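Structure first, then comments.
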Amino acid sequence: MTESIRIAAWNVNSLKVRLPHVKRWLEEQEAAKKPIDALCLQELKMTDDKFPHQELEAAGYISLAAGQKTYNGVAILVRRAALAPIATDLETTFLKPLRNIPGYADEQQRILAATICFKGMQPIRLVSAYFPNGQSPDSEKFIYKLGWLTALHSWLETELKDSARFALLGDFNIAPTDADVHDPKAWEGQNLVSPPEREAFQGLLDLGLYDSFRLFEQAPKTYSWWDYRMMGFRRNAGMRIDHILLSDALKANCLSSIIDKVPRTWEQPSDHAPVIAEIKA
DNA sequence: ATGGCGCAGTCTCTGCGA
């Protein structure tokens, strides 16, 4: 009997390099009786033909990917043992799959959505998202970021009407408040924290989404990303830019939300740590 | 003071990430 599921997001910064980390993390979570039932990955940096479906299958996970060469790329992994009997193959596991934001022409692979039926639960709609970085507020890439955020907002309006049980998981490349930044003064007005980005983040909340991490008391200075340079992790010079946003129906059933720093301590780590939300059945 | 690290591909350099 399923009592709860854990959904997670992790920017792996190249799945080719980080596949061992992903497998190890999933194994260790399971061994600790905290299995990850859905994992949304970002920054695969590989084309779809290179995606390691078979290795993940051997680890107990069915996967759906939306990749491209060199950059971006997102995926959704679901734990086979947690799925309802209706899920027998790819088509019945990932219902209503969607790649990219409808009506928003984009070469960059940043969005993958699917509805999943877990054992003993109503279906849940998951979106694996890799928000544009933005580079800096005076750059072309920042304009793209804001346009992308606008497109995301209007698409999610529709998605939320269709799916009351909805979660948006991924690397948002936005630190929502100064509490999510190690040195707010130094970062004031810069990329990842600038007012237009934070307004866009608030806009998502205004659709009826909730930052799962902030539903619970958290240790101060908890972050999800640390720069590889300048010993960012050792100094805890980080930012909380990876998030799990939940609709009202899922928020009501959210039991916990944490960031797992452990994989960031491993050899050759991603610069991001996975974030997890536990949802009651 | 604009650097530091790590990744992919064009591959001993460049572009990009955040």
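Starting from 1 in every chain, residues are counted up; chains themselves are A, B, ... following the order of the structure tokens, and ligands are numbered from 1 as listed.
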
Could you pull out the strand (DSSP E or B) residues of region 58-278 of chain A from DSSP and send them as a ChimeraX atom specification? /A:61-66,74-79,83,95-99,111-116,118,124-130,166-171,181,209-211,225-226,238-239,242-247,254-259,272,275-278

Give the residues of chain A that lie within 8 Å of chain B; count only C-alpha atoms (C1' of nucleotides), and format the answer as a ChimeraX atom specification. /A:13-14,45,70,133,135,173,192,227-230

Output N, CA, C and O atoms for every residue in the selection just made, as a PDB file, in the first residue's frame.
```
ATOM      1  N   ASN A  13      23.897  18.551 -14.798  1.00  0.00           N
ATOM      2  CA  ASN A  13      25.020  19.128 -15.551  1.00  0.00           C
ATOM      3  C   ASN A  13      25.784  18.045 -16.318  1.00  0.00           C
ATOM      4  O   ASN A  13      26.930  17.776 -16.024  1.00  0.00           O
ATOM      5  N   SER A  14      25.103  17.470 -17.296  1.00  0.00           N
ATOM      6  CA  SER A  14      25.578  16.361 -18.147  1.00  0.00           C
ATOM      7  C   SER A  14      25.222  14.997 -17.548  1.00  0.00           C
ATOM      8  O   SER A  14      25.840  14.560 -16.571  1.00  0.00           O
ATOM      9  N   LYS A  45      22.333  17.517 -21.577  1.00  0.00           N
ATOM     10  CA  LYS A  45      23.418  17.799 -22.525  1.00  0.00           C
ATOM     11  C   LYS A  45      23.671  16.626 -23.469  1.00  0.00           C
ATOM     12  O   LYS A  45      24.835  16.322 -23.757  1.00  0.00           O
ATOM     13  N   THR A  70      24.619  19.014 -26.770  1.00  0.00           N
ATOM     14  CA  THR A  70      25.452  19.956 -25.992  1.00  0.00           C
ATOM     15  C   THR A  70      24.763  20.659 -24.821  1.00  0.00           C
ATOM     16  O   THR A  70      25.349  20.766 -23.747  1.00  0.00           O
ATOM     17  N   ASN A 133      18.969  30.476 -18.178  1.00  0.00           N
ATOM     18  CA  ASN A 133      19.883  31.084 -17.199  1.00  0.00           C
ATOM     19  C   ASN A 133      19.752  32.608 -17.181  1.00  0.00           C
ATOM     20  O   ASN A 133      19.686  33.216 -16.116  1.00  0.00           O
ATOM     21  N   GLN A 135      21.997  34.823 -18.114  1.00  0.00           N
ATOM     22  CA  GLN A 135      23.339  35.436 -18.197  1.00  0.00           C
ATOM     23  C   GLN A 135      23.517  36.714 -17.384  1.00  0.00           C
ATOM     24  O   GLN A 135      24.224  36.724 -16.393  1.00  0.00           O
ATOM     25  N   ASN A 173      16.480  28.747 -12.092  1.00  0.00           N
ATOM     26  CA  ASN A 173      17.431  29.839 -12.277  1.00  0.00           C
ATOM     27  C   ASN A 173      16.897  31.165 -11.732  1.00  0.00           C
ATOM     28  O   ASN A 173      17.136  32.243 -12.301  1.00  0.00           O
ATOM     29  N   LEU A 192      19.499  36.050 -11.763  1.00  0.00           N
ATOM     30  CA  LEU A 192      18.979  35.048 -10.800  1.00  0.00           C
ATOM     31  C   LEU A 192      18.200  35.673  -9.645  1.00  0.00           C
ATOM     32  O   LEU A 192      17.397  34.990  -8.997  1.00  0.00           O
ATOM     33  N   ASP A 227      28.597  27.412  -6.752  1.00  0.00           N
ATOM     34  CA  ASP A 227      29.564  27.562  -7.841  1.00  0.00           C
ATOM     35  C   ASP A 227      30.735  26.597  -7.642  1.00  0.00           C
ATOM     36  O   ASP A 227      31.197  26.396  -6.527  1.00  0.00           O
ATOM     37  N   TYR A 228      31.171  26.004  -8.748  1.00  0.00           N
ATOM     38  CA  TYR A 228      32.357  25.133  -8.684  1.00  0.00           C
ATOM     39  C   TYR A 228      33.590  25.939  -8.254  1.00  0.00           C
ATOM     40  O   TYR A 228      34.525  25.401  -7.667  1.00  0.00           O
ATOM     41  N   ARG A 229      33.587  27.204  -8.613  1.00  0.00           N
ATOM     42  CA  ARG A 229      34.770  28.028  -8.386  1.00  0.00           C
ATOM     43  C   ARG A 229      34.788  28.604  -6.968  1.00  0.00           C
ATOM     44  O   ARG A 229      33.779  28.647  -6.288  1.00  0.00           O
ATOM     45  N   MET A 230      35.932  29.033  -6.566  1.00  0.00           N
ATOM     46  CA  MET A 230      36.093  29.750  -5.284  1.00  0.00           C
ATOM     47  C   MET A 230      35.576  28.935  -4.090  1.00  0.00           C
ATOM     48  O   MET A 230      35.095  29.501  -3.115  1.00  0.00           O
TER      49      MET A 230
END
```

Under the rule that only C-alpha atoms are counted, which of A:Leu19, A:Val12, A:Lys96, A:Met231 is the nearest residue to Gln54 (chain A)? A:Leu19

CA of Trp155 (chain A) to CA of Asp180 (chain A) measures 26.5 Å

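Pairwise distance (CA of Gln190 (chain A), CA of Gly134 (chain A)) equals 10.0 Å.
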
List as an MDAnalysis selection string the protein and nucleic acid residues near region 161-165 of chain A, meaning an atom at most 12 Å away when only C-alpha atoms (C1' of nucleotides) are counted, but skip any in the same chain fewer than 5 places from it. chainID A and resid 96 113:117 121:127 154:156 207:209 245:254 279 281

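Relative to CA of His153 (chain A), CA of Ser270 (chain A) is found at 28.2 Å.
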
Please provide as a ChimeraX atom specification all residues within 9 Å of region 174-177 of chain A, with the sequence filter that same-chain residues fewer than 2 positions apart are discarded (counting only C-alpha atoms (C1' of nucleotides)). /A:131,133,171-172,179-181,184,191-194,197-199,201-202,239-242

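Assigned to alpha helix (DSSP H) in region 42-109 of chain A, given DSSP computed from backbone atoms, are His53, Gln54, Glu55, Leu56, Glu57, Ala58, Leu90, Glu91, Thr92 and Thr93 of chain A.
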
Restricted to N, CA and C atoms, what would the selected residues look like written as a PDB file, in the first residue's frame?
```pdb
ATOM      1  N   HIS A  53      18.295   4.954 -21.377  1.00  0.00           N
ATOM      2  CA  HIS A  53      17.038   4.324 -20.933  1.00  0.00           C
ATOM      3  C   HIS A  53      17.276   2.948 -20.312  1.00  0.00           C
ATOM      4  N   GLN A  54      18.152   2.166 -20.942  1.00  0.00           N
ATOM      5  CA  GLN A  54      18.332   0.771 -20.492  1.00  0.00           C
ATOM      6  C   GLN A  54      19.001   0.697 -19.124  1.00  0.00           C
ATOM      7  N   GLU A  55      20.006   1.528 -18.904  1.00  0.00           N
ATOM      8  CA  GLU A  55      20.677   1.527 -17.604  1.00  0.00           C
ATOM      9  C   GLU A  55      19.731   1.944 -16.480  1.00  0.00           C
ATOM     10  N   LEU A  56      18.862   2.904 -16.796  1.00  0.00           N
ATOM     11  CA  LEU A  56      17.903   3.363 -15.793  1.00  0.00           C
ATOM     12  C   LEU A  56      16.822   2.311 -15.570  1.00  0.00           C
ATOM     13  N   GLU A  57      16.448   1.646 -16.654  1.00  0.00           N
ATOM     14  CA  GLU A  57      15.482   0.530 -16.555  1.00  0.00           C
ATOM     15  C   GLU A  57      16.034  -0.548 -15.622  1.00  0.00           C
ATOM     16  N   ALA A  58      17.316  -0.851 -15.790  1.00  0.00           N
ATOM     17  CA  ALA A  58      17.975  -1.853 -14.929  1.00  0.00           C
ATOM     18  C   ALA A  58      17.989  -1.397 -13.473  1.00  0.00           C
ATOM     19  N   LEU A  90       5.553   2.387 -22.152  1.00  0.00           N
ATOM     20  CA  LEU A  90       5.874   3.814 -22.193  1.00  0.00           C
ATOM     21  C   LEU A  90       4.615   4.679 -22.324  1.00  0.00           C
ATOM     22  N   GLU A  91       3.712   4.231 -23.190  1.00  0.00           N
ATOM     23  CA  GLU A  91       2.519   5.027 -23.491  1.00  0.00           C
ATOM     24  C   GLU A  91       1.560   5.090 -22.313  1.00  0.00           C
ATOM     25  N   THR A  92       1.487   4.004 -21.543  1.00  0.00           N
ATOM     26  CA  THR A  92       0.560   3.996 -20.402  1.00  0.00           C
ATOM     27  C   THR A  92       1.224   4.492 -19.115  1.00  0.00           C
ATOM     28  N   THR A  93       2.538   4.688 -19.158  1.00  0.00           N
ATOM     29  CA  THR A  93       3.252   5.231 -17.995  1.00  0.00           C
ATOM     30  C   THR A  93       3.289   6.751 -18.043  1.00  0.00           C
TER      31      THR A  93
END
```
